[in-house]
Structure formats: structure tokens, C-alpha cells
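Here the structure is laid out as C-alpha cells; the discussion comes afterwards.
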Amino acid sequence: MIKVLVYVLLILIGLCLSPLIIGQSGYVYIAVGEYQIETSLVAAVVGLIVFYFALQLLEWAIMLLLNLVLNSRYLPTKWRQKAAKKHTLAGALAIAEENWPAAETAMAKGAQQGEIPLLNLFAAARAAHHQGKTTARDHYLTQAEKSPVAKTAVNTSRARYFIKQGELSQARAIVDKLEPTSKSSEPVLKLAIDLYQQQQDWQALKLLLPIIVKRKLLSDEELQTLSIKTNTILLAEAAKISEAELEKCWQWLSKNDRKQDTLLVAYAHGLNGFNRHAQALKLLSKQLKTAPSTTLFSALPQLISADDTDIRNLLARLESTHENDADYQICLAKLAMQQRDAKQAKVHWQNVCRIAPSRQSWLSLAQIQEQLGENTAAAQNYRKAANTM
């Protein structure tokens with residue numbers, strides 16, 4: 001538009017100046033080889049303008065001809081690309097509706113001339129997987145793998161599909177090929193976390209934990225749960241191997257991990273298995289003094305015996321602060337039964353039924369009362385247990 005306005009402006013200027021120029025026509029002489037041209041200045045200027053417009057017209061005609069030739073040649077390709085867009089859109093809508101057969105067909109067609117064929121191939125593979133068509137799914141992934149940038153995504157997808165099918169060994173082969181490290185992508189690391197848990201490969205998961213912490217792949221609660229579970233199982237497995245392996249596993253833990261009640265209890269069980277009961281009691285007593293917890297109260301009846309008077313006295317001193325703690329009272333009740341003190345056990349079970357009555361607590365109290373010959377009270381508590389169900 002601006003170009004046309006400039007042309008119009010030049011023409012108007014020429015019209016305004018032409019009367020002045022005609023009065024002073026001037027003289028132009030051009031000689032090219034044997035050819036000679038003699039004309040006035042006005043005619044020369046007009047001739048130049050006409051020549052320029054002729055060049056512009058020729059350029060426009062050539063470009064028009066080229067466009068017609070190229071469009072006619074590539075028109076089928078454009079038609080196919082336009083059809084691919086329609087198929088991709090139809091496939092996306094089918095995926096949203098979870099119409100997997102239609103999604104697979106549309107996405108596969110859209111991949112042929114689509115702008116982003118990888119997107120169509122991954123979508124078609126997903127649709128085929130939902131239909132249980134593993135051969136077609138693998139075919140789409142193989143096609144996508146031809147693109148160098150898609151290799152990691154293809155391997156990750158394959159491993160995920162194998163995990164969903166329960167083929168963990170094939171998934172593990174792919175994950176080992178991906179070699180999860182601190183430089184790996186988040187999807188690869190999360191894939192490894194999921195697979196290692198399903199395979200119960202806690203040693204591999206243990207090696208991955210520092211990376212999980214550094215990359216913040218899990219929430220604090222999820223990370224703590226996973227860490228405790230992994231280390232607890234590793235301690236239990238080490239205790240089955242040898243005393244040296246148990247110590248190695250324990251020393252491998254961080255200082256904060258060794259303060260975790262669950263891990264401390266697992267280590268104490270291992271020590272008891274190797275006749276190191278005194279060391280186990282020392283650790284448990286220290287933890288009881290600093291941070292008594294439900295985990296410790298639940299584990300102590302299995303870790304101490306009737307002769308361990310020191311830790312029993314330590315527990316007794318907690319009565320003032322844990323009088324209304326049901327877990328503490330259950331612990332004392334079980335420890336009393338270790339010493340065959342049914343009357344004291346009855347007192348603690350009565351406290352449990354007062355603090356947090358449950359079917360199991362009423363049953364335990366009734367059984368103790370039955371041993372003591374208190375049949376009427378026992379029958380009443382059996383009925384309370386039945387009603388609690």
C-alpha cells in the first residue's frame with residue numbers, strides 16, 4: 001500500500017512540474033555501439049518511468065507464473081497436511097473421550113503427513129496399549145524411535161508399559177540401559193523409583209535416595225516414608241546374612257537416620273539375633289530417655305525379657321507423663337504378662353479400655369479376668385468386645 005502511494009505521489013509531482021519542464025526541454029544524447037538516441041529531457045524521463053513500470057509488471061508476471069507452477073506441484077502435499085491436521089484433532093478428541101480404537105486410527109493417519117509426527121505416534125501407541133494391542137503399540141514406538149530426540153522418551157514409555165503389564169524384567173532391562181543418575185530427567189528417575197519398589201530391589205533404591213533428595217522428586221513425607229521403609233528392609237536382610245553385614249548397613253545410615261525409631265528397632269532385633277542383647281538394651285534405653293514413642297512402646301515387648309529390670313524401671317518412671325497413653329499402657333500390660341503378673345496386666349488393660357476402647361482391648365481384658373477367675377466381669381467385657389465389632 002505504501003509503495004502505491006509513493007508511485008501516486010511521484011506521478012502527481014511529475015504532473016505539477018511538467019509545465020515548467022516543457023518550457024525547458026533540455027537535450028539527451030545516448031550512444032551505445034552503433035546505436036544512437038537523441039531526445040528531449042522530458043521524453044527521456046517519461047521513457048525511464050515507463051521502463052521501470054514495465055520491469056515491475058514483468059516481475060509480477062514471473063512471480064505469478066512461479067507460484068502457479070509451485071502450487072500445482074505441491075498442492076497434493078498441502079492437501080495431505082491439511083488432512084493430517086484433521087486426523088490429529090479427531091484423535092485428540094477421541095483420547096479425551098477415551099475412545100481408544102478411534103484415537104489409534106486417527107493418530108496413526110495423522111502421523112503420515114503431520115507437522116509433529118512424534119506426537120501422533122506416541123498418542124497412537126498409548127491408544128493401542130489401552131486396547132491390549134502390544135504389537136501395534138511397539139510398532140508405533142519403533143517408528144518414533146527413528147527420531148534421535150525421541151529415544152529416551154520411547155524407552156521411558158516402553159518401560160512404563162512393561163510395568164503395567166507386569167513384565168518387570170523387561171522394564172528393568174530398559175531402565176538399566178537408561179542408567180538413572182543425578183543428570184537423568186525427572187521421568188526417568190521416577191520410573192526407576194517405581195520399578196525398584198515393585199522389584200523390591202532396596203539396595204538399588206538406597207543408592208537412588210540421595211538423588212531423590214537433591215532433585216526433590218518426592219514430598220518430605222513421601223521421602224521419609226520411602227527412606228525408612230528401604231533402610232528397615234535392608235537392616236532386616238543384613239541381619240539374615242551376618243553380623244558384619246548388619247554393622248555395615250547400620251554404619252551406612254546417616255546420624256539422623258539412626259535416630260529413627262523404626263530403624264533403631266530393626267537394628268535392635270538384629271543385635272538380639274546375634275546375642276548382643278546388652279547393646280540393644282543400651283540403644284533402646286537411650287532412645288526412651290530422649291524421645292519415647294508409639295513405635296518403641298509397640299516393639300519393646302518383643303525386644304526385652306522378664307529379667308531386663310533396668311529398662312523396665314525406666315518405663316515405670318514414664319507413668320507420670322504417659323498415664324493416658326494407650327500404647328504405653330498396652331506395652332506395660334504385655335510386659336506384666338511376661339512376668340506372669342496377671343493382676344498388674346489387668347490394671348493396664350483397664351486403663352487401655354478407659355483411654356481408647358477397642359475390640360482387641362476388651363478381649364484382652366476379658367481374657368486376663370478369666371485367668372483371674374473373674375468370670376462375671378470377663379463375660380461382660382466379652383459382650384463389650386462383640387458390640388464393638
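Chain identifiers are assigned as A, B, and so on, following the order in which chains appear in the C-alpha cells; residues are numbered from 1 within each chain, and ligands are numbered from 1 in order of appearance.
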- Query: When DSSP works through the backbone of this structure, what residues of segment 258-321 of chain A end up as alpha helix (DSSP H), shown as a PyMOL selection string?
  - Reply: chain A and resi 261-273+277-290+294-303+309-316
Which polymer residues have any atom within 10 Å of an atom of Leu168 of chain A, counting only C-alpha atoms, with same-chain residues fewer than 4 positions away left out, as an mmCIF file with N, CA, C and O atoms, in the first residue's frame?
data_model
loop_
_atom_site.group_PDB
_atom_site.id
_atom_site.type_symbol
_atom_site.label_atom_id
_atom_site.label_comp_id
_atom_site.auth_asym_id
_atom_site.auth_seq_id
_atom_site.Cartn_x
_atom_site.Cartn_y
_atom_site.Cartn_z
ATOM 1 N N ALA A 159 9.164 -48.849 29.036
ATOM 2 C CA ALA A 159 9.315 -49.370 30.398
ATOM 3 C C ALA A 159 8.018 -49.222 31.191
ATOM 4 O O ALA A 159 7.617 -50.122 31.929
ATOM 5 N N ARG A 160 7.356 -48.088 31.035
ATOM 6 C CA ARG A 160 6.081 -47.877 31.733
ATOM 7 C C ARG A 160 5.040 -48.914 31.299
ATOM 8 O O ARG A 160 4.320 -49.465 32.128
ATOM 9 N N TYR A 161 4.979 -49.153 30.007
ATOM 10 C CA TYR A 161 4.011 -50.125 29.504
ATOM 11 C C TYR A 161 4.336 -51.530 30.020
ATOM 12 O O TYR A 161 3.431 -52.297 30.386
ATOM 13 N N PHE A 162 5.614 -51.878 30.082
ATOM 14 C CA PHE A 162 6.004 -53.199 30.601
ATOM 15 C C PHE A 162 5.634 -53.338 32.076
ATOM 16 O O PHE A 162 5.193 -54.401 32.527
ATOM 17 N N ILE A 163 5.811 -52.260 32.833
ATOM 18 C CA ILE A 163 5.464 -52.294 34.258
ATOM 19 C C ILE A 163 3.971 -52.523 34.425
ATOM 20 O O ILE A 163 3.527 -53.320 35.263
ATOM 21 N N LYS A 164 3.170 -51.828 33.616
ATOM 22 C CA LYS A 164 1.716 -52.002 33.702
ATOM 23 C C LYS A 164 1.289 -53.408 33.320
ATOM 24 O O LYS A 164 0.277 -53.907 33.813
ATOM 25 N N ARG A 172 13.084 -53.597 33.600
ATOM 26 C CA ARG A 172 14.374 -53.372 34.275
ATOM 27 C C ARG A 172 15.518 -53.288 33.258
ATOM 28 O O ARG A 172 16.454 -52.493 33.421
ATOM 29 N N ALA A 173 15.441 -54.090 32.223
ATOM 30 C CA ALA A 173 16.476 -54.032 31.182
ATOM 31 C C ALA A 173 16.531 -52.648 30.539
ATOM 32 O O ALA A 173 17.618 -52.115 30.257
ATOM 33 N N ILE A 174 15.371 -52.048 30.332
ATOM 34 C CA ILE A 174 15.319 -50.712 29.732
ATOM 35 C C ILE A 174 15.840 -49.663 30.713
ATOM 36 O O ILE A 174 16.604 -48.771 30.345
ATOM 37 N N LEU A 195 9.876 -48.793 39.668
ATOM 38 C CA LEU A 195 10.287 -50.151 39.297
ATOM 39 C C LEU A 195 11.060 -50.828 40.423
ATOM 40 O O LEU A 195 10.813 -52.008 40.734
ATOM 41 N N TYR A 196 11.997 -50.132 41.047
ATOM 42 C CA TYR A 196 12.790 -50.731 42.123
ATOM 43 C C TYR A 196 11.901 -51.168 43.289
ATOM 44 O O TYR A 196 12.151 -52.214 43.907
ATOM 45 N N GLN A 198 8.706 -52.082 43.053
ATOM 46 C CA GLN A 198 7.941 -53.260 42.643
ATOM 47 C C GLN A 198 8.813 -54.504 42.586
ATOM 48 O O GLN A 198 8.351 -55.609 42.874
ATOM 49 N N GLN A 199 10.086 -54.326 42.228
ATOM 50 C CA GLN A 199 11.007 -55.460 42.206
ATOM 51 C C GLN A 199 11.616 -55.748 43.579
ATOM 52 O O GLN A 199 12.339 -56.733 43.739
#
Return as a Markdown table the residues of segment 274-371 of chain A lying at most 12 Å from segment 377-386 of chain A, together with the closest atom-to-atom pair for each and the distance in Å to one decimal, counting only C-alpha atoms, with rows in chain order and ascending residue number.
| residue | atom | partner | partner_atom | distance |
| --- | --- | --- | --- | --- |
| A:Lys346 | CA | A:Ala378 | CA | 11.0 |
| A:Trp349 | CA | A:Asn381 | CA | 11.4 |
| A:Gln350 | CA | A:Asn381 | CA | 10.4 |
| A:Cys353 | CA | A:Asn381 | CA | 9.9 |
| A:Pro357 | CA | A:Ala385 | CA | 9.1 |
| A:Ser358 | CA | A:Ala385 | CA | 7.2 |
| A:Arg359 | CA | A:Ala385 | CA | 4.5 |
| A:Gln360 | CA | A:Ala385 | CA | 7.2 |
| A:Ser361 | CA | A:Ala385 | CA | 8.0 |
| A:Trp362 | CA | A:Ala385 | CA | 5.2 |
| A:Leu363 | CA | A:Ala385 | CA | 5.9 |
| A:Ser364 | CA | A:Asn381 | CA | 9.1 |
| A:Leu365 | CA | A:Asn381 | CA | 7.2 |
| A:Ala366 | CA | A:Ala378 | CA | 4.2 |
| A:Gln367 | CA | A:Ala378 | CA | 6.8 |
| A:Ile368 | CA | A:Ala378 | CA | 8.0 |
| A:Gln369 | CA | A:Ala378 | CA | 5.4 |
| A:Glu370 | CA | A:Ala378 | CA | 5.6 |
| A:Gln371 | CA | A:Ala378 | CA | 9.2 |
May I have the selected residues written with C-alpha atoms, as a short mmCIF file (atom, residue, chain, number, x, y, z; two decimals), in the first residue's frame?
data_model
loop_
_atom_site.label_atom_id
_atom_site.label_comp_id
_atom_site.auth_asym_id
_atom_site.auth_seq_id
_atom_site.Cartn_x
_atom_site.Cartn_y
_atom_site.Cartn_z
CA LYS A 346 -5.43 -56.31 84.27
CA TRP A 349 -5.74 -53.25 80.18
CA GLN A 350 -8.44 -51.46 82.18
CA CYS A 353 -10.17 -49.63 77.74
CA PRO A 357 -11.58 -48.77 73.99
CA SER A 358 -11.45 -51.22 71.10
CA ARG A 359 -12.47 -54.77 70.36
CA GLN A 360 -8.94 -56.06 71.00
CA SER A 361 -8.54 -54.18 74.28
CA TRP A 362 -11.88 -55.52 75.65
CA LEU A 363 -10.92 -59.05 74.58
CA SER A 364 -7.51 -58.82 76.26
CA LEU A 365 -9.04 -57.51 79.47
CA ALA A 366 -11.67 -60.26 79.44
CA GLN A 367 -9.02 -62.96 78.95
CA ILE A 368 -6.98 -61.65 81.89
CA GLN A 369 -10.06 -61.51 84.08
CA GLU A 370 -10.95 -65.05 83.05
CA GLN A 371 -7.48 -66.20 84.16
#
- Task: Skip Ala128 of chain A itself and residues of its chain fewer than 4 positions away, then list as a PyMOL selection string all residues within 8 Å of it, counting only C-alpha atoms.
- Result: chain A and resi 100-101+104+124+132-134+136-137
Writer output for current selection, all heavy atoms, as a PDB file, in the first residue's frame:
ATOM      1  N   TRP A 100     -10.490 -45.376  22.497  1.00  0.00           N
ATOM      2  CA  TRP A 100      -9.149 -45.786  22.094  1.00  0.00           C
ATOM      3  C   TRP A 100      -9.055 -46.304  20.659  1.00  0.00           C
ATOM      4  O   TRP A 100      -8.079 -45.969  19.965  1.00  0.00           O
ATOM      5  CB  TRP A 100      -8.602 -46.810  23.081  1.00  0.00           C
ATOM      6  CG  TRP A 100      -8.605 -46.314  24.477  1.00  0.00           C
ATOM      7  CD1 TRP A 100      -9.280 -46.833  25.540  1.00  0.00           C
ATOM      8  CD2 TRP A 100      -7.897 -45.170  24.995  1.00  0.00           C
ATOM      9  NE1 TRP A 100      -9.054 -46.094  26.680  1.00  0.00           N
ATOM     10  CE2 TRP A 100      -8.211 -45.066  26.374  1.00  0.00           C
ATOM     11  CE3 TRP A 100      -7.051 -44.229  24.427  1.00  0.00           C
ATOM     12  CZ2 TRP A 100      -7.689 -44.067  27.180  1.00  0.00           C
ATOM     13  CZ3 TRP A 100      -6.528 -43.222  25.228  1.00  0.00           C
ATOM     14  CH2 TRP A 100      -6.849 -43.154  26.584  1.00  0.00           C
ATOM     15  N   PRO A 101     -10.003 -47.102  20.155  1.00  0.00           N
ATOM     16  CA  PRO A 101      -9.889 -47.526  18.747  1.00  0.00           C
ATOM     17  C   PRO A 101      -9.879 -46.352  17.775  1.00  0.00           C
ATOM     18  O   PRO A 101      -9.063 -46.301  16.846  1.00  0.00           O
ATOM     19  CB  PRO A 101     -11.117 -48.419  18.553  1.00  0.00           C
ATOM     20  CG  PRO A 101     -11.449 -48.914  19.924  1.00  0.00           C
ATOM     21  CD  PRO A 101     -11.126 -47.779  20.836  1.00  0.00           C
ATOM     22  N   GLU A 104      -6.556 -44.383  18.095  1.00  0.00           N
ATOM     23  CA  GLU A 104      -5.415 -45.025  17.428  1.00  0.00           C
ATOM     24  C   GLU A 104      -5.470 -44.812  15.917  1.00  0.00           C
ATOM     25  O   GLU A 104      -4.468 -44.445  15.281  1.00  0.00           O
ATOM     26  CB  GLU A 104      -5.395 -46.516  17.741  1.00  0.00           C
ATOM     27  CG  GLU A 104      -4.237 -47.240  17.076  1.00  0.00           C
ATOM     28  CD  GLU A 104      -4.362 -48.749  17.143  1.00  0.00           C
ATOM     29  OE1 GLU A 104      -5.317 -49.248  17.779  1.00  0.00           O
ATOM     30  OE2 GLU A 104      -3.510 -49.436  16.545  1.00  0.00           O
ATOM     31  N   ALA A 124      -0.818 -42.669  19.428  1.00  0.00           N
ATOM     32  CA  ALA A 124      -1.317 -43.929  18.855  1.00  0.00           C
ATOM     33  C   ALA A 124      -0.847 -45.118  19.673  1.00  0.00           C
ATOM     34  O   ALA A 124      -1.599 -46.083  19.887  1.00  0.00           O
ATOM     35  CB  ALA A 124      -0.842 -44.054  17.410  1.00  0.00           C
ATOM     36  N   GLY A 132      -4.826 -53.250  24.563  1.00  0.00           N
ATOM     37  CA  GLY A 132      -4.105 -54.514  24.690  1.00  0.00           C
ATOM     38  C   GLY A 132      -3.410 -54.946  23.414  1.00  0.00           C
ATOM     39  O   GLY A 132      -2.993 -56.103  23.294  1.00  0.00           O
ATOM     40  N   LYS A 133      -3.245 -54.041  22.466  1.00  0.00           N
ATOM     41  CA  LYS A 133      -2.603 -54.356  21.187  1.00  0.00           C
ATOM     42  C   LYS A 133      -1.107 -54.049  21.300  1.00  0.00           C
ATOM     43  O   LYS A 133      -0.625 -53.001  20.861  1.00  0.00           O
ATOM     44  CB  LYS A 133      -3.261 -53.556  20.066  1.00  0.00           C
ATOM     45  CG  LYS A 133      -4.742 -53.881  19.882  1.00  0.00           C
ATOM     46  CD  LYS A 133      -5.467 -52.859  19.031  1.00  0.00           C
ATOM     47  CE  LYS A 133      -4.952 -52.816  17.615  1.00  0.00           C
ATOM     48  NZ  LYS A 133      -5.750 -51.906  16.753  1.00  0.00           N
ATOM     49  N   THR A 134      -0.382 -54.967  21.918  1.00  0.00           N
ATOM     50  CA  THR A 134       1.034 -54.728  22.195  1.00  0.00           C
ATOM     51  C   THR A 134       1.878 -54.660  20.923  1.00  0.00           C
ATOM     52  O   THR A 134       2.835 -53.892  20.843  1.00  0.00           O
ATOM     53  CB  THR A 134       1.579 -55.824  23.117  1.00  0.00           C
ATOM     54  OG1 THR A 134       1.354 -57.111  22.513  1.00  0.00           O
ATOM     55  CG2 THR A 134       0.871 -55.796  24.466  1.00  0.00           C
ATOM     56  N   ALA A 136       0.977 -53.591  17.875  1.00  0.00           N
ATOM     57  CA  ALA A 136       0.776 -52.274  17.252  1.00  0.00           C
ATOM     58  C   ALA A 136       1.451 -51.182  18.082  1.00  0.00           C
ATOM     59  O   ALA A 136       2.081 -50.271  17.533  1.00  0.00           O
ATOM     60  CB  ALA A 136      -0.715 -51.986  17.123  1.00  0.00           C
ATOM     61  N   ARG A 137       1.345 -51.290  19.398  1.00  0.00           N
ATOM     62  CA  ARG A 137       1.985 -50.297  20.278  1.00  0.00           C
ATOM     63  C   ARG A 137       3.488 -50.261  20.051  1.00  0.00           C
ATOM     64  O   ARG A 137       4.089 -49.195  19.884  1.00  0.00           O
ATOM     65  CB  ARG A 137       1.684 -50.653  21.733  1.00  0.00           C
ATOM     66  CG  ARG A 137       2.328 -49.736  22.754  1.00  0.00           C
ATOM     67  CD  ARG A 137       2.388 -50.426  24.091  1.00  0.00           C
ATOM     68  NE  ARG A 137       3.329 -51.541  24.084  1.00  0.00           N
ATOM     69  CZ  ARG A 137       3.368 -52.493  25.005  1.00  0.00           C
ATOM     70  NH1 ARG A 137       2.486 -52.500  25.988  1.00  0.00           N
ATOM     71  NH2 ARG A 137       4.270 -53.461  24.936  1.00  0.00           N
TER      72      ARG A 137
END
Output as JSON lines one row per residue of segment 101-198 of chain A within 8 Å of segment 206-217 of chain A: the closest atom pair and its distance in Å to one decimal place, counting only C-alpha atoms, sorted by chain and residue number ascending.
{"residue": "A:Thr181", "atom": "CA", "partner": "A:Ile211", "partner_atom": "CA", "distance": 7.4}
{"residue": "A:Ser182", "atom": "CA", "partner": "A:Ile211", "partner_atom": "CA", "distance": 5.6}
{"residue": "A:Glu186", "atom": "CA", "partner": "A:Leu217", "partner_atom": "CA", "distance": 7.3}
{"residue": "A:Leu189", "atom": "CA", "partner": "A:Ile212", "partner_atom": "CA", "distance": 8.0}
{"residue": "A:Lys190", "atom": "CA", "partner": "A:Leu217", "partner_atom": "CA", "distance": 7.5}
{"residue": "A:Ile193", "atom": "CA", "partner": "A:Leu208", "partner_atom": "CA", "distance": 7.8}
- Which distance in Å separates atom CA of Leu55 of chain A and atom CA of Glu38 of chain A, to one decimal?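 Distance reported for this atom pair: 22.9 Å.
From atom CA of Phe274 of chain A back to atom CA of Ile304 of chain A, the distance works out to 14.5 Å.
From atom CA of Lys82 of chain A back to atom CA of Leu119 of chain A, the distance works out to 16.3 Å.
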Find the spatial neighbours of Asp257 of chain A, counting only C-alpha atoms, within a cut-off of 9 Å - ignore same-chain residues fewer than 3 positions away - and output them as an mmCIF file with all heavy atoms, in the first residue's frame.
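Produced file result-v3.cif, reproduced below:
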data_model
loop_
_atom_site.group_PDB
_atom_site.id
_atom_site.type_symbol
_atom_site.label_atom_id
_atom_site.label_comp_id
_atom_site.auth_asym_id
_atom_site.auth_seq_id
_atom_site.Cartn_x
_atom_site.Cartn_y
_atom_site.Cartn_z
ATOM 1 N N SER A 227 12.358 -43.692 52.650
ATOM 2 C CA SER A 227 13.682 -43.884 53.230
ATOM 3 C C SER A 227 13.640 -44.869 54.399
ATOM 4 O O SER A 227 14.474 -45.784 54.496
ATOM 5 C CB SER A 227 14.243 -42.541 53.691
ATOM 6 O OG SER A 227 15.495 -42.705 54.314
ATOM 7 N N ILE A 228 12.665 -44.696 55.280
ATOM 8 C CA ILE A 228 12.548 -45.585 56.441
ATOM 9 C C ILE A 228 12.234 -47.015 55.990
ATOM 10 O O ILE A 228 12.822 -47.978 56.496
ATOM 11 C CB ILE A 228 11.469 -45.058 57.410
ATOM 12 C CG1 ILE A 228 11.944 -43.768 58.065
ATOM 13 C CG2 ILE A 228 11.131 -46.101 58.467
ATOM 14 C CD1 ILE A 228 10.907 -43.107 58.949
ATOM 15 N N ASN A 231 15.482 -48.563 54.359
ATOM 16 C CA ASN A 231 16.541 -48.874 55.324
ATOM 17 C C ASN A 231 16.123 -49.964 56.311
ATOM 18 O O ASN A 231 16.955 -50.775 56.725
ATOM 19 C CB ASN A 231 16.933 -47.604 56.078
ATOM 20 C CG ASN A 231 17.690 -46.610 55.200
ATOM 21 O OD1 ASN A 231 18.523 -47.003 54.397
ATOM 22 N ND2 ASN A 231 17.380 -45.345 55.342
ATOM 23 N N LEU A 253 24.050 -45.772 57.532
ATOM 24 C CA LEU A 253 22.970 -44.815 57.759
ATOM 25 C C LEU A 253 23.531 -43.491 58.270
ATOM 26 O O LEU A 253 24.574 -43.449 58.933
ATOM 27 C CB LEU A 253 21.976 -45.366 58.783
ATOM 28 C CG LEU A 253 21.251 -46.664 58.419
ATOM 29 C CD1 LEU A 253 20.351 -47.098 59.566
ATOM 30 C CD2 LEU A 253 20.428 -46.480 57.156
ATOM 31 N N SER A 254 22.827 -42.422 57.973
ATOM 32 C CA SER A 254 23.235 -41.119 58.479
ATOM 33 C C SER A 254 22.916 -41.009 59.970
ATOM 34 O O SER A 254 22.196 -41.839 60.533
ATOM 35 C CB SER A 254 22.507 -40.011 57.711
ATOM 36 O OG SER A 254 21.111 -40.059 57.974
ATOM 37 N N GLN A 260 15.948 -42.629 64.018
ATOM 38 C CA GLN A 260 14.588 -43.016 63.669
ATOM 39 C C GLN A 260 14.196 -44.270 64.456
ATOM 40 O O GLN A 260 14.921 -45.268 64.461
ATOM 41 C CB GLN A 260 14.470 -43.287 62.171
ATOM 42 C CG GLN A 260 14.679 -42.072 61.289
ATOM 43 C CD GLN A 260 13.541 -41.082 61.383
ATOM 44 O OE1 GLN A 260 12.425 -41.418 61.768
ATOM 45 N NE2 GLN A 260 13.821 -39.833 61.033
ATOM 46 N N ASP A 261 13.054 -44.211 65.125
ATOM 47 C CA ASP A 261 12.627 -45.321 65.993
ATOM 48 C C ASP A 261 12.500 -46.634 65.221
ATOM 49 O O ASP A 261 12.911 -47.697 65.695
ATOM 50 C CB ASP A 261 11.288 -44.986 66.657
ATOM 51 C CG ASP A 261 11.423 -43.856 67.655
ATOM 52 O OD1 ASP A 261 12.537 -43.668 68.179
ATOM 53 O OD2 ASP A 261 10.430 -43.162 67.911
ATOM 54 N N LEU A 263 14.021 -47.659 62.500
ATOM 55 C CA LEU A 263 15.326 -48.211 62.144
ATOM 56 C C LEU A 263 16.052 -48.722 63.384
ATOM 57 O O LEU A 263 16.723 -49.764 63.342
ATOM 58 C CB LEU A 263 16.167 -47.150 61.439
ATOM 59 C CG LEU A 263 15.582 -46.593 60.136
ATOM 60 C CD1 LEU A 263 16.518 -45.553 59.533
ATOM 61 C CD2 LEU A 263 15.328 -47.703 59.140
ATOM 62 N N LEU A 264 15.899 -48.006 64.485
ATOM 63 C CA LEU A 264 16.532 -48.440 65.736
ATOM 64 C C LEU A 264 15.965 -49.781 66.196
ATOM 65 O O LEU A 264 16.706 -50.670 66.644
ATOM 66 C CB LEU A 264 16.322 -47.373 66.809
ATOM 67 C CG LEU A 264 16.977 -47.627 68.172
ATOM 68 C CD1 LEU A 264 18.490 -47.657 68.029
ATOM 69 C CD2 LEU A 264 16.558 -46.564 69.168
#
